[in-house]
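Data block for coords-v4.pdb (PDB, C-alpha atoms and all ligand atoms):
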```pdb
MODEL        1
ATOM      1  CA  MET A   1      -2.951  18.889  -2.048
ATOM      2  CA  PRO A   2      -1.174  18.696   1.344
ATOM      3  CA  GLN A   3       2.607  18.552   1.496
ATOM      4  CA  PRO A   4       4.238  15.584   3.273
ATOM      5  CA  GLY A   5       4.123  16.181   7.016
ATOM      6  CA  ASP A   6       0.955  18.259   6.788
ATOM      7  CA  TYR A   7      -1.584  15.520   7.379
ATOM      8  CA  ASP A   8      -3.048  16.610  10.718
ATOM      9  CA  ALA A   9      -6.575  16.701   9.256
ATOM     10  CA  LEU A  10      -6.448  12.886   9.220
ATOM     11  CA  LYS A  11      -6.544  12.976  13.048
ATOM     12  CA  ASP A  12     -10.291  13.599  12.646
ATOM     13  CA  GLY A  13     -10.693  10.309  10.778
ATOM     14  CA  PHE A  14     -12.615   9.872   7.512
ATOM     15  CA  PRO A  15     -16.207  10.200   6.248
ATOM     16  CA  ARG A  16     -18.184   6.972   6.469
ATOM     17  CA  GLN A  17     -17.859   5.173   3.115
ATOM     18  CA  GLU A  18     -17.921   1.754   1.540
ATOM     19  CA  GLN A  19     -16.728   0.148  -1.693
ATOM     20  CA  THR A  20     -16.472  -3.395  -3.017
ATOM     21  CA  LEU A  21     -13.159  -5.127  -3.787
ATOM     22  CA  PRO A  22     -10.844  -4.298  -5.437
ATOM     23  CA  GLY A  23     -11.830  -0.659  -4.777
ATOM     24  CA  ALA A  24     -11.219   2.448  -6.884
ATOM     25  CA  THR A  25      -9.195   5.560  -6.076
ATOM     26  CA  GLN A  26     -11.568   8.196  -7.456
ATOM     27  CA  GLN A  27     -14.461   6.925  -5.306
ATOM     28  CA  MET A  28     -12.520   7.690  -2.115
ATOM     29  CA  ASP A  29     -13.256  10.713   0.073
ATOM     30  CA  PRO A  30     -10.698  12.224   0.367
ATOM     31  CA  VAL A  31      -8.747  10.933  -2.635
ATOM     32  CA  PRO A  32      -5.406   9.695  -1.237
ATOM     33  CA  ASP A  33      -2.113  11.522  -1.699
ATOM     34  CA  HIS A  34       0.373   9.416  -3.689
ATOM     35  CA  GLY A  35       3.022  12.128  -3.838
ATOM     36  CA  GLU A  36       1.814  13.434  -7.196
ATOM     37  CA  GLU A  37       2.545  17.050  -6.217
ATOM     38  CA  SER A  38       5.280  16.470  -3.656
ATOM     39  CA  TYR A  39       7.724  13.643  -4.477
ATOM     40  CA  ARG A  40      11.080  14.924  -5.733
ATOM     41  CA  GLY A  41      13.388  12.366  -7.365
ATOM     42  CA  ASN A  42      17.176  12.405  -7.294
ATOM     43  CA  ALA A  43      18.208   9.691  -9.802
ATOM     44  CA  ARG A  44      18.559   7.163  -7.000
ATOM     45  CA  LEU A  45      17.188   4.331  -9.192
ATOM     46  CA  HIS A  46      18.495   5.609 -12.497
ATOM     47  CA  GLY A  47      18.097   3.102 -15.342
ATOM     48  CA  LEU A  48      16.682   0.336 -13.119
ATOM     49  CA  ARG A  49      13.645  -1.719 -14.112
ATOM     50  CA  ALA A  50      10.943  -2.438 -11.535
ATOM     51  CA  LEU A  51       7.804  -4.566 -11.394
ATOM     52  CA  ILE A  52       5.255  -3.458  -8.775
ATOM     53  CA  THR A  53       2.266  -5.721  -8.205
ATOM     54  CA  GLY A  54      -0.849  -3.791  -7.202
ATOM     55  CA  GLY A  55       0.871  -0.730  -8.677
ATOM     56  CA  ASP A  56      -2.423   0.767  -9.854
ATOM     57  CA  SER A  57      -3.502   2.290  -6.546
ATOM     58  CA  GLY A  58      -2.651   3.013  -2.932
ATOM     59  CA  ILE A  59       0.854   2.234  -1.715
ATOM     60  CA  GLY A  60       1.767   0.664  -5.074
ATOM     61  CA  ARG A  61       0.869   3.844  -6.967
ATOM     62  CA  ALA A  62       2.948   5.998  -4.610
ATOM     63  CA  VAL A  63       5.897   3.627  -5.087
ATOM     64  CA  ALA A  64       5.437   3.680  -8.886
ATOM     65  CA  ILE A  65       5.482   7.500  -8.941
ATOM     66  CA  ALA A  66       8.552   7.675  -6.681
ATOM     67  CA  PHE A  67      10.459   4.979  -8.592
ATOM     68  CA  ALA A  68       9.750   6.680 -11.943
ATOM     69  CA  ARG A  69      10.874  10.067 -10.569
ATOM     70  CA  GLU A  70      14.048   8.349  -9.298
ATOM     71  CA  GLY A  71      14.747   7.244 -12.882
ATOM     72  CA  ALA A  72      13.322   3.712 -13.043
ATOM     73  CA  ASP A  73      11.118   2.195 -15.734
ATOM     74  CA  VAL A  74       8.089   0.617 -14.109
ATOM     75  CA  ALA A  75       5.744  -2.277 -14.900
ATOM     76  CA  ILE A  76       2.577  -2.515 -12.835
ATOM     77  CA  ALA A  77       0.312  -5.519 -12.306
ATOM     78  CA  TYR A  78      -3.328  -5.108 -11.278
ATOM     79  CA  LEU A  79      -6.703  -6.794 -11.658
ATOM     80  CA  PRO A  80      -8.506  -6.207 -14.985
ATOM     81  CA  ASP A  81     -11.299  -4.336 -13.090
ATOM     82  CA  GLU A  82      -8.742  -1.716 -12.075
ATOM     83  CA  ASP A  83      -7.987  -0.434 -15.569
ATOM     84  CA  GLN A  84      -8.841   3.205 -14.745
ATOM     85  CA  ASP A  85      -6.502   3.309 -11.750
ATOM     86  CA  ALA A  86      -3.780   1.554 -13.754
ATOM     87  CA  GLN A  87      -4.061   4.067 -16.609
ATOM     88  CA  ASP A  88      -3.804   6.955 -14.146
ATOM     89  CA  THR A  89      -0.649   5.497 -12.563
ATOM     90  CA  ALA A  90       0.865   4.834 -15.996
ATOM     91  CA  GLU A  91       0.236   8.468 -16.887
ATOM     92  CA  TRP A  92       2.285   9.610 -13.872
ATOM     93  CA  ILE A  93       5.136   7.219 -14.790
ATOM     94  CA  ARG A  94       5.195   8.577 -18.338
ATOM     95  CA  LYS A  95       5.049  12.180 -17.091
ATOM     96  CA  ALA A  96       8.278  11.400 -15.231
ATOM     97  CA  GLY A  97       9.815  10.515 -18.594
ATOM     98  CA  ARG A  98       9.972   6.773 -17.933
ATOM     99  CA  THR A  99       8.477   3.681 -19.576
ATOM    100  CA  ALA A 100       5.246   2.290 -18.109
ATOM    101  CA  VAL A 101       4.293  -1.332 -18.794
ATOM    102  CA  LEU A 102       0.717  -2.369 -17.983
ATOM    103  CA  CYS A 103       0.097  -5.983 -16.980
ATOM    104  CA  PRO A 104      -3.494  -6.866 -16.012
ATOM    105  CA  THR A 105      -3.075 -10.104 -14.048
ATOM    106  CA  ASP A 106      -4.980 -12.225 -11.546
ATOM    107  CA  LEU A 107      -2.188 -13.265  -9.196
ATOM    108  CA  THR A 108      -4.241 -16.083  -7.638
ATOM    109  CA  ASP A 109      -3.506 -18.009 -10.869
ATOM    110  CA  PRO A 110       0.028 -19.525 -10.710
ATOM    111  CA  GLN A 111       0.324 -19.585 -14.514
ATOM    112  CA  ALA A 112      -0.550 -15.879 -14.604
ATOM    113  CA  CYS A 113       2.360 -15.210 -12.204
ATOM    114  CA  GLN A 114       4.744 -16.792 -14.742
ATOM    115  CA  THR A 115       3.228 -14.798 -17.597
ATOM    116  CA  LEU A 116       3.483 -11.588 -15.585
ATOM    117  CA  ILE A 117       7.232 -11.941 -15.087
ATOM    118  CA  ALA A 118       7.719 -12.783 -18.788
ATOM    119  CA  ASP A 119       5.641  -9.755 -19.848
ATOM    120  CA  ALA A 120       7.406  -7.394 -17.437
ATOM    121  CA  VAL A 121      10.846  -8.587 -18.563
ATOM    122  CA  GLU A 122       9.874  -8.177 -22.194
ATOM    123  CA  GLY A 123       8.318  -4.733 -21.698
ATOM    124  CA  LEU A 124      11.150  -3.382 -19.528
ATOM    125  CA  GLY A 125      14.042  -5.164 -21.264
ATOM    126  CA  GLY A 126      14.975  -6.954 -18.006
ATOM    127  CA  LEU A 127      14.209  -6.777 -14.304
ATOM    128  CA  ASP A 128      16.115  -5.347 -11.328
ATOM    129  CA  ILE A 129      13.460  -4.750  -8.657
ATOM    130  CA  LEU A 130      10.410  -6.832  -7.733
ATOM    131  CA  VAL A 131       7.911  -5.230  -5.335
ATOM    132  CA  ASN A 132       5.406  -7.796  -4.063
ATOM    133  CA  ASN A 133       2.810  -5.224  -3.029
ATOM    134  CA  ALA A 134      -0.514  -6.735  -4.190
ATOM    135  CA  GLY A 135      -2.568  -7.956  -1.269
ATOM    136  CA  VAL A 136      -6.085  -8.512  -0.082
ATOM    137  CA  GLN A 137      -7.859  -8.622   3.266
ATOM    138  CA  MET A 138     -11.464  -9.105   4.300
ATOM    139  CA  ALA A 139     -12.719  -7.883   7.644
ATOM    140  CA  ARG A 140     -16.486  -7.948   7.400
ATOM    141  CA  ASP A 141     -17.375 -11.487   8.371
ATOM    142  CA  ASP A 142     -18.603 -12.182  11.881
ATOM    143  CA  GLY A 143     -15.813 -14.478  12.924
ATOM    144  CA  LEU A 144     -13.970 -17.723  12.510
ATOM    145  CA  ALA A 145     -17.054 -19.720  11.542
ATOM    146  CA  ASP A 146     -17.649 -17.429   8.556
ATOM    147  CA  MET A 147     -14.125 -17.751   7.228
ATOM    148  CA  GLY A 148     -14.966 -19.894   4.192
ATOM    149  CA  LEU A 149     -12.458 -21.747   2.023
ATOM    150  CA  GLU A 150     -12.965 -19.323  -0.863
ATOM    151  CA  ARG A 151     -11.905 -16.398   1.325
ATOM    152  CA  ILE A 152      -8.934 -18.237   2.849
ATOM    153  CA  ASP A 153      -7.785 -19.372  -0.605
ATOM    154  CA  ARG A 154      -8.007 -15.887  -2.066
ATOM    155  CA  ILE A 155      -6.086 -14.287   0.789
ATOM    156  CA  PHE A 156      -3.330 -16.910   0.974
ATOM    157  CA  LYS A 157      -2.917 -17.170  -2.798
ATOM    158  CA  THR A 158      -2.725 -13.395  -3.280
ATOM    159  CA  ASN A 159      -0.637 -12.472  -0.238
ATOM    160  CA  LEU A 160       1.673 -15.482   0.113
ATOM    161  CA  TYR A 161       1.683 -17.864  -2.858
ATOM    162  CA  ALA A 162       2.000 -15.092  -5.451
ATOM    163  CA  PRO A 163       5.059 -13.394  -3.869
ATOM    164  CA  LEU A 164       6.843 -16.758  -3.625
ATOM    165  CA  LEU A 165       5.899 -17.791  -7.184
ATOM    166  CA  LEU A 166       6.916 -14.373  -8.520
ATOM    167  CA  VAL A 167      10.335 -14.538  -6.833
ATOM    168  CA  GLN A 168      10.857 -18.013  -8.316
ATOM    169  CA  ALA A 169       9.902 -16.820 -11.799
ATOM    170  CA  ALA A 170      11.910 -13.592 -11.510
ATOM    171  CA  LEU A 171      15.097 -15.225 -10.220
ATOM    172  CA  PRO A 172      16.635 -16.063 -13.622
ATOM    173  CA  HIS A 173      16.343 -12.372 -14.517
ATOM    174  CA  LEU A 174      17.718 -10.871 -11.277
ATOM    175  CA  SER A 175      21.432 -10.326 -10.689
ATOM    176  CA  LYS A 176      23.913  -8.725  -8.277
ATOM    177  CA  GLY A 177      22.430  -5.423  -7.050
ATOM    178  CA  SER A 178      18.838  -6.522  -7.680
ATOM    179  CA  SER A 179      16.340  -6.564  -4.870
ATOM    180  CA  VAL A 180      12.957  -7.861  -3.809
ATOM    181  CA  ILE A 181      10.654  -5.884  -1.513
ATOM    182  CA  ASN A 182       7.680  -7.646   0.058
ATOM    183  CA  VAL A 183       4.813  -5.681   1.554
ATOM    184  CA  SER A 184       4.051  -6.983   5.015
ATOM    185  CA  SER A 185       1.867  -5.276   7.638
ATOM    186  CA  VAL A 186       1.731  -4.191  11.253
ATOM    187  CA  GLN A 187      -0.838  -7.020  11.412
ATOM    188  CA  ALA A 188       2.095  -9.473  11.381
ATOM    189  CA  PHE A 189       3.094  -8.077  14.802
ATOM    190  CA  GLN A 190      -0.220  -6.902  16.298
ATOM    191  CA  PRO A 191      -2.852  -9.160  14.702
ATOM    192  CA  SER A 192      -6.585  -8.324  14.819
ATOM    193  CA  THR A 193      -8.967 -11.261  15.142
ATOM    194  CA  SER A 194     -11.141  -9.857  12.322
ATOM    195  CA  LEU A 195      -8.115 -10.148  10.008
ATOM    196  CA  LEU A 196      -6.891 -13.514  11.330
ATOM    197  CA  ASP A 197      -6.079 -15.098   7.950
ATOM    198  CA  TYR A 198      -4.609 -11.897   6.497
ATOM    199  CA  ALA A 199      -2.383 -11.375   9.545
ATOM    200  CA  ALA A 200      -1.078 -14.939   9.218
ATOM    201  CA  THR A 201      -0.057 -14.344   5.589
ATOM    202  CA  LYS A 202       1.856 -11.213   6.560
ATOM    203  CA  ALA A 203       3.675 -12.976   9.412
ATOM    204  CA  ALA A 204       4.615 -15.739   6.972
ATOM    205  CA  LEU A 205       5.801 -13.120   4.480
ATOM    206  CA  ASN A 206       8.202 -11.722   7.098
ATOM    207  CA  ASN A 207       9.600 -15.199   7.630
ATOM    208  CA  LEU A 208       9.889 -15.679   3.866
ATOM    209  CA  THR A 209      11.707 -12.350   3.569
ATOM    210  CA  VAL A 210      14.393 -13.369   6.059
ATOM    211  CA  ASN A 211      14.848 -16.797   4.512
ATOM    212  CA  LEU A 212      14.917 -15.550   0.912
ATOM    213  CA  ALA A 213      17.522 -12.987   1.963
ATOM    214  CA  ALA A 214      19.613 -15.883   3.308
ATOM    215  CA  GLU A 215      19.170 -17.894   0.135
ATOM    216  CA  LEU A 216      19.750 -15.115  -2.396
ATOM    217  CA  GLY A 217      22.487 -13.229  -0.548
ATOM    218  CA  GLU A 218      25.241 -15.214  -2.227
ATOM    219  CA  ALA A 219      24.009 -13.950  -5.602
ATOM    220  CA  GLY A 220      24.131 -10.347  -4.313
ATOM    221  CA  ILE A 221      20.332 -10.081  -4.366
ATOM    222  CA  ARG A 222      18.795  -8.322  -1.347
ATOM    223  CA  VAL A 223      15.343  -9.168   0.022
ATOM    224  CA  ASN A 224      13.494  -6.866   2.445
ATOM    225  CA  ALA A 225       9.979  -6.021   3.548
ATOM    226  CA  VAL A 226       8.047  -2.860   4.352
ATOM    227  CA  ALA A 227       5.388  -3.204   7.070
ATOM    228  CA  PRO A 228       2.835  -0.390   6.770
ATOM    229  CA  GLY A 229       0.437   0.604   9.510
ATOM    230  CA  PRO A 230      -2.988   2.064   8.639
ATOM    231  CA  ILE A 231      -2.636   3.743   5.220
ATOM    232  CA  TRP A 232      -5.482   5.469   3.376
ATOM    233  CA  THR A 233      -5.956   3.288   0.264
ATOM    234  CA  PRO A 234      -8.907   1.706  -1.623
ATOM    235  CA  LEU A 235      -8.318  -1.550   0.269
ATOM    236  CA  GLN A 236      -9.743   0.052   3.431
ATOM    237  CA  PRO A 237     -13.210   1.247   2.286
ATOM    238  CA  ALA A 238     -13.416  -1.971   0.226
ATOM    239  CA  THR A 239     -12.870  -4.315   3.175
ATOM    240  CA  GLN A 240     -13.468  -2.620   6.538
ATOM    241  CA  GLU A 241     -16.775  -1.991   8.299
ATOM    242  CA  PRO A 242     -17.894   1.571   7.332
ATOM    243  CA  ASP A 243     -17.972   2.719  10.985
ATOM    244  CA  LYS A 244     -14.341   1.623  11.441
ATOM    245  CA  ILE A 245     -13.400   3.881   8.527
ATOM    246  CA  GLU A 246     -14.557   6.887  10.542
ATOM    247  CA  SER A 247     -11.780   6.403  13.090
ATOM    248  CA  PHE A 248      -9.279   4.660  10.788
ATOM    249  CA  GLY A 249      -5.702   5.139  11.998
ATOM    250  CA  THR A 250      -6.531   7.314  14.999
ATOM    251  CA  ASP A 251      -5.291   4.610  17.415
ATOM    252  CA  THR A 252      -1.653   5.032  16.330
ATOM    253  CA  PRO A 253       0.901   6.985  18.420
ATOM    254  CA  LEU A 254       0.905   9.706  15.728
ATOM    255  CA  GLY A 255      -2.888   9.810  16.043
ATOM    256  CA  ARG A 256      -3.770   9.487  12.378
ATOM    257  CA  ALA A 257      -3.687   7.247   9.319
ATOM    258  CA  GLY A 258      -0.822   7.595   6.868
ATOM    259  CA  GLN A 259      -0.990   8.557   3.214
ATOM    260  CA  PRO A 260       0.479   6.297   0.494
ATOM    261  CA  ALA A 261       2.941   9.113  -0.237
ATOM    262  CA  GLU A 262       4.440   8.629   3.229
ATOM    263  CA  CYS A 263       5.412   5.034   2.406
ATOM    264  CA  ALA A 264       7.268   5.675  -0.848
ATOM    265  CA  SER A 265      10.691   6.719   0.501
ATOM    266  CA  ALA A 266      11.041   3.467   2.456
ATOM    267  CA  PHE A 267      10.727   1.531  -0.810
ATOM    268  CA  VAL A 268      13.134   3.833  -2.652
ATOM    269  CA  PHE A 269      15.713   3.355   0.107
ATOM    270  CA  LEU A 270      15.388  -0.439   0.132
ATOM    271  CA  ALA A 271      15.476  -0.618  -3.689
ATOM    272  CA  SER A 272      18.598   1.554  -3.974
ATOM    273  CA  PRO A 273      21.625  -0.656  -4.662
ATOM    274  CA  THR A 274      23.928   2.012  -3.218
ATOM    275  CA  GLU A 275      22.010   3.428  -0.237
ATOM    276  CA  ALA A 276      20.797   0.035   0.991
ATOM    277  CA  SER A 277      23.751  -2.042  -0.263
ATOM    278  CA  TYR A 278      24.131  -3.826   3.118
ATOM    279  CA  VAL A 279      20.439  -3.943   4.048
ATOM    280  CA  SER A 280      18.839  -7.339   3.518
ATOM    281  CA  GLY A 281      16.461  -9.565   5.479
ATOM    282  CA  THR A 282      14.918  -6.650   7.360
ATOM    283  CA  VAL A 283      11.361  -5.462   7.905
ATOM    284  CA  LEU A 284      11.006  -1.670   7.846
ATOM    285  CA  GLY A 285       7.927  -0.358   9.633
ATOM    286  CA  VAL A 286       5.973   2.660   8.347
ATOM    287  CA  THR A 287       3.311   2.508  11.009
ATOM    288  CA  GLY A 288       2.729   5.878  12.649
ATOM    289  CA  GLY A 289       4.485   4.531  15.731
ATOM    290  CA  LYS A 290       3.046   1.030  16.162
ATOM    291  CA  PRO A 291       5.799  -1.471  16.977
ATOM    292  CA  VAL A 292       7.112  -3.901  14.380
ATOM    293  CA  PHE A 293       8.933  -6.367  16.645
TER     294      PHE A 293
HETATM  295  P1  LIG B   1      -4.779  -1.140  -2.737
HETATM  296  O1  LIG B   1      -6.139  -1.715  -2.819
HETATM  297  O2  LIG B   1      -4.555   0.171  -3.342
HETATM  298  O3  LIG B   1      -3.718  -2.135  -3.388
HETATM  299  C1  LIG B   1      -3.825  -3.519  -3.329
HETATM  300  C2  LIG B   1      -3.678  -4.008  -4.766
HETATM  301  O4  LIG B   1      -3.561  -5.429  -4.758
HETATM  302  C3  LIG B   1      -4.881  -3.712  -5.642
HETATM  303  O5  LIG B   1      -4.763  -2.463  -6.255
HETATM  304  C4  LIG B   1      -4.839  -4.846  -6.645
HETATM  305  O6  LIG B   1      -4.274  -4.407  -7.856
HETATM  306  C5  LIG B   1      -3.878  -5.848  -6.032
HETATM  307  N1  LIG B   1      -4.498  -7.171  -5.984
HETATM  308  C6  LIG B   1      -5.340  -7.683  -5.064
HETATM  309  N2  LIG B   1      -5.715  -8.933  -5.427
HETATM  310  C7  LIG B   1      -5.077  -9.192  -6.604
HETATM  311  C8  LIG B   1      -5.047 -10.309  -7.477
HETATM  312  N3  LIG B   1      -5.740 -11.449  -7.239
HETATM  313  N4  LIG B   1      -4.304 -10.227  -8.601
HETATM  314  C9  LIG B   1      -3.615  -9.093  -8.877
HETATM  315  N5  LIG B   1      -3.580  -8.023  -8.080
HETATM  316  C10 LIG B   1      -4.314  -8.085  -6.962
HETATM  317  O7  LIG B   1      -4.383  -1.161  -1.205
HETATM  318  P2  LIG B   1      -2.992  -0.931  -0.447
HETATM  319  O8  LIG B   1      -3.380  -0.689   0.944
HETATM  320  O9  LIG B   1      -2.127   0.026  -1.146
HETATM  321  O10 LIG B   1      -2.325  -2.382  -0.472
HETATM  322  C11 LIG B   1      -0.992  -2.618  -0.879
HETATM  323  C12 LIG B   1      -0.334  -3.566   0.109
HETATM  324  O11 LIG B   1      -0.192  -2.919   1.357
HETATM  325  C13 LIG B   1      -1.104  -4.851   0.384
HETATM  326  O12 LIG B   1      -0.212  -5.948   0.390
HETATM  327  C14 LIG B   1      -1.658  -4.630   1.773
HETATM  328  O13 LIG B   1      -1.860  -5.837   2.461
HETATM  329  C15 LIG B   1      -0.540  -3.813   2.366
HETATM  330  N6  LIG B   1      -0.901  -3.062   3.570
HETATM  331  C16 LIG B   1      -1.824  -2.067   3.512
HETATM  332  C17 LIG B   1      -2.149  -1.371   4.659
HETATM  333  C18 LIG B   1      -3.159  -0.270   4.658
HETATM  334  O14 LIG B   1      -3.554   0.188   5.728
HETATM  335  N7  LIG B   1      -3.593   0.213   3.527
HETATM  336  C19 LIG B   1      -1.529  -1.706   5.880
HETATM  337  C20 LIG B   1      -0.598  -2.722   5.902
HETATM  338  C21 LIG B   1      -0.289  -3.388   4.751
HETATM  339 MG    MG B   2      -6.256  -1.037  -6.842
ENDMDL
END
```
How does this structure look as structure tokens?
Ligand code: NAD
Ligand code: MG
Amino acid sequence: MPQPGDYDALKDGFPRQEQTLPGATQQMDPVPDHGEESYRGNARLHGLRALITGGDSGIGRAVAIAFAREGADVAIAYLPDEDQDAQDTAEWIRKAGRTAVLCPTDLTDPQACQTLIADAVEGLGGLDILVNNAGVQMARDDGLADMGLERIDRIFKTNLYAPLLLVQAALPHLSKGSSVINVSSVQAFQPSTSLLDYAATKAALNNLTVNLAAELGEAGIRVNAVAPGPIWTPLQPATQEPDKIESFGTDTPLGRAGQPAECASAFVFLASPTEASYVSGTVLGVTGGKPVF
């Protein structure tokens, strides 16, 4: 397993591969690095309770491992098809000595968003941190004409409606020192036509982040976003053309894709009520050098 900073092999790209949504970690070549062997915690989130949507795999799994090693109990939401990935993440949370709460949920269902918050609060005994990380993109259609209503609905409901509904439902449980972290994308700043609908949801999420920060600031609740660049997660082989996978991430200034493990510290920083006590309404890029303004 490479140590953080030793990812130069990714400059050569990835083997051609393809999955179907939602994608599975063990089918990936190479299997991503979520910080399993490298992340060292320092009690920065000691005793806090976090819900991470899409916490089964990819960026969400790396955040779950880091949060648990920083002393937080962690609930993860994921699609029922992702049970294997969810169990693997839960195992890492428990190995860190923390509570893991498993919440299979389809976030496109507004009622399920309500139930998720209730289940997370019950399982964790409260809620301090909400990470709206679940997201979906589709990049295989030929263009605008093929962008059917089903696709648009799924992308907007998952990436935009669910974060807003989850913040609404979580609000009664959050208090001074709590925080929300939305997962945006470099696509909000440098949109690709093949991801037109997805990019629009991420731009809207940035706007929502700033405005929620304004609204919730008085209650001492901070709201921020992380905008990743190309990160090696199941979402990519499940939604990109296989030939694009071969060069995935090589167009960044650092010349390679990022690993989920390289995103985790940004979330830990933003979630920390002491280290990020005056940080709210910001979008933190983890993009390998692509601009986020
Ligand atoms: P991932 O596939 O590992 O995680 C996405 C997760 O979203 C899935 O595991 C799934 O549990 C969840 N999800 C999707 N639809 C859902 C639904 N209807 N109900 C419940 N959960 C659902 O991929 P990832 O790349 O780690 O994605 C995490 C976030 O990062 C997403 O918001 C994505 O848009 C964002 N992002 C990823 C990249 C990248 O290059 N990987 C770049 C920028 C932003
Ligand atoms: Mg997954």
For the provided coordinates, the residues matched by the PyMOL selection byres (((not hetatm)) within 8 of (chain B and resi 1)) should be stated as an mmCIF file with C-alpha atoms, in the frame of the given file.
```
data_model
loop_
_atom_site.group_PDB
_atom_site.id
_atom_site.type_symbol
_atom_site.label_atom_id
_atom_site.label_comp_id
_atom_site.auth_asym_id
_atom_site.auth_seq_id
_atom_site.Cartn_x
_atom_site.Cartn_y
_atom_site.Cartn_z
ATOM 1 C CA LEU A 21 -13.159 -5.127 -3.787
ATOM 2 C CA PRO A 22 -10.844 -4.298 -5.437
ATOM 3 C CA GLY A 23 -11.830 -0.659 -4.777
ATOM 4 C CA ALA A 24 -11.219 2.448 -6.884
ATOM 5 C CA THR A 25 -9.195 5.560 -6.076
ATOM 6 C CA THR A 53 2.266 -5.721 -8.205
ATOM 7 C CA GLY A 54 -0.849 -3.791 -7.202
ATOM 8 C CA GLY A 55 0.871 -0.730 -8.677
ATOM 9 C CA ASP A 56 -2.423 0.767 -9.854
ATOM 10 C CA SER A 57 -3.502 2.290 -6.546
ATOM 11 C CA GLY A 58 -2.651 3.013 -2.932
ATOM 12 C CA ILE A 59 0.854 2.234 -1.715
ATOM 13 C CA GLY A 60 1.767 0.664 -5.074
ATOM 14 C CA ARG A 61 0.869 3.844 -6.967
ATOM 15 C CA ALA A 77 0.312 -5.519 -12.306
ATOM 16 C CA TYR A 78 -3.328 -5.108 -11.278
ATOM 17 C CA LEU A 79 -6.703 -6.794 -11.658
ATOM 18 C CA GLU A 82 -8.742 -1.716 -12.075
ATOM 19 C CA PRO A 104 -3.494 -6.866 -16.012
ATOM 20 C CA THR A 105 -3.075 -10.104 -14.048
ATOM 21 C CA ASP A 106 -4.980 -12.225 -11.546
ATOM 22 C CA LEU A 107 -2.188 -13.265 -9.196
ATOM 23 C CA THR A 108 -4.241 -16.083 -7.638
ATOM 24 C CA ASP A 109 -3.506 -18.009 -10.869
ATOM 25 C CA ASN A 132 5.406 -7.796 -4.063
ATOM 26 C CA ASN A 133 2.810 -5.224 -3.029
ATOM 27 C CA ALA A 134 -0.514 -6.735 -4.190
ATOM 28 C CA GLY A 135 -2.568 -7.956 -1.269
ATOM 29 C CA VAL A 136 -6.085 -8.512 -0.082
ATOM 30 C CA GLN A 137 -7.859 -8.622 3.266
ATOM 31 C CA ARG A 154 -8.007 -15.887 -2.066
ATOM 32 C CA LYS A 157 -2.917 -17.170 -2.798
ATOM 33 C CA THR A 158 -2.725 -13.395 -3.280
ATOM 34 C CA ASN A 159 -0.637 -12.472 -0.238
ATOM 35 C CA VAL A 183 4.813 -5.681 1.554
ATOM 36 C CA SER A 184 4.051 -6.983 5.015
ATOM 37 C CA SER A 185 1.867 -5.276 7.638
ATOM 38 C CA VAL A 186 1.731 -4.191 11.253
ATOM 39 C CA GLN A 187 -0.838 -7.020 11.412
ATOM 40 C CA TYR A 198 -4.609 -11.897 6.497
ATOM 41 C CA LYS A 202 1.856 -11.213 6.560
ATOM 42 C CA ALA A 227 5.388 -3.204 7.070
ATOM 43 C CA PRO A 228 2.835 -0.390 6.770
ATOM 44 C CA GLY A 229 0.437 0.604 9.510
ATOM 45 C CA PRO A 230 -2.988 2.064 8.639
ATOM 46 C CA ILE A 231 -2.636 3.743 5.220
ATOM 47 C CA TRP A 232 -5.482 5.469 3.376
ATOM 48 C CA THR A 233 -5.956 3.288 0.264
ATOM 49 C CA PRO A 234 -8.907 1.706 -1.623
ATOM 50 C CA LEU A 235 -8.318 -1.550 0.269
ATOM 51 C CA GLN A 236 -9.743 0.052 3.431
ATOM 52 C CA ALA A 238 -13.416 -1.971 0.226
ATOM 53 C CA ALA A 257 -3.687 7.247 9.319
ATOM 54 C CA GLY A 258 -0.822 7.595 6.868
ATOM 55 C CA PRO A 260 0.479 6.297 0.494
#
```
Item to complete: Would you please work out which residue, of A:Ala145, A:Pro191, A:Asn182, A:Cys113, is nearest to Ala169 (chain A) when using all atoms listed in the file?
Response: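 Of the candidates, the smallest distance to Ala169 (chain A) is held by A:Cys113.
Proximity ranking of A:Pro32, A:Gly288, A:Gly220, A:Gly47 relative to Gly255 (chain A) places A:Gly288 first, based on only C-alpha atoms.
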Item to complete: Identify all residues satisfying the PyMOL selection byres (((chain A and resi 283) around 9) and not hetatm) in the given file; provide them as a VMD selection string.
Response: chain A and resid 182 184 206 209 to 210 224 to 227 280 to 282 284 to 285 292
Worksheet item: Looking at A:Gly123, A:Pro80, A:Gly71, A:Pro15, which one is nearest to Arg98 (chain A), with distances taken over all atoms listed in the file?
Response: A:Gly71
Worksheet entry | Spatial neighbours of region 264-271 of chain A, max dist 10 Å, all atoms listed in the file, sep filter under 3 positions, as a ChimeraX atom specification | /A:34-35,39,41,44-45,48,50,59-67,70,128-131,177-183,222-227,259-261,274-280,282,284-286
Worksheet entry | Best match for closeness to ligand MG 2 (chain B) among A:Asp142, A:Asp81, A:Glu218, A:Asp12, counting all atoms listed in the file |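 The shortest atom-to-atom distance to ligand MG 2 (chain B) comes from A:Asp81.
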Worksheet item: By how many Å are CA of Ser247 (chain A) and CA of Gly13 (chain A) apart?
Response: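 Calculated distance between CA of Ser247 (chain A) and CA of Gly13 (chain A) is 4.7 Å.
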Discussion item. Let me make sure I understand: among A:Ala75, A:Arg40, A:Ile117, A:Asp88, which one has the smallest atom-to-atom distance to ligand MG 2 (chain B) if we use only C-alpha atoms and all ligand atoms?
Written reply: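 Closest candidate: A:Asp88.
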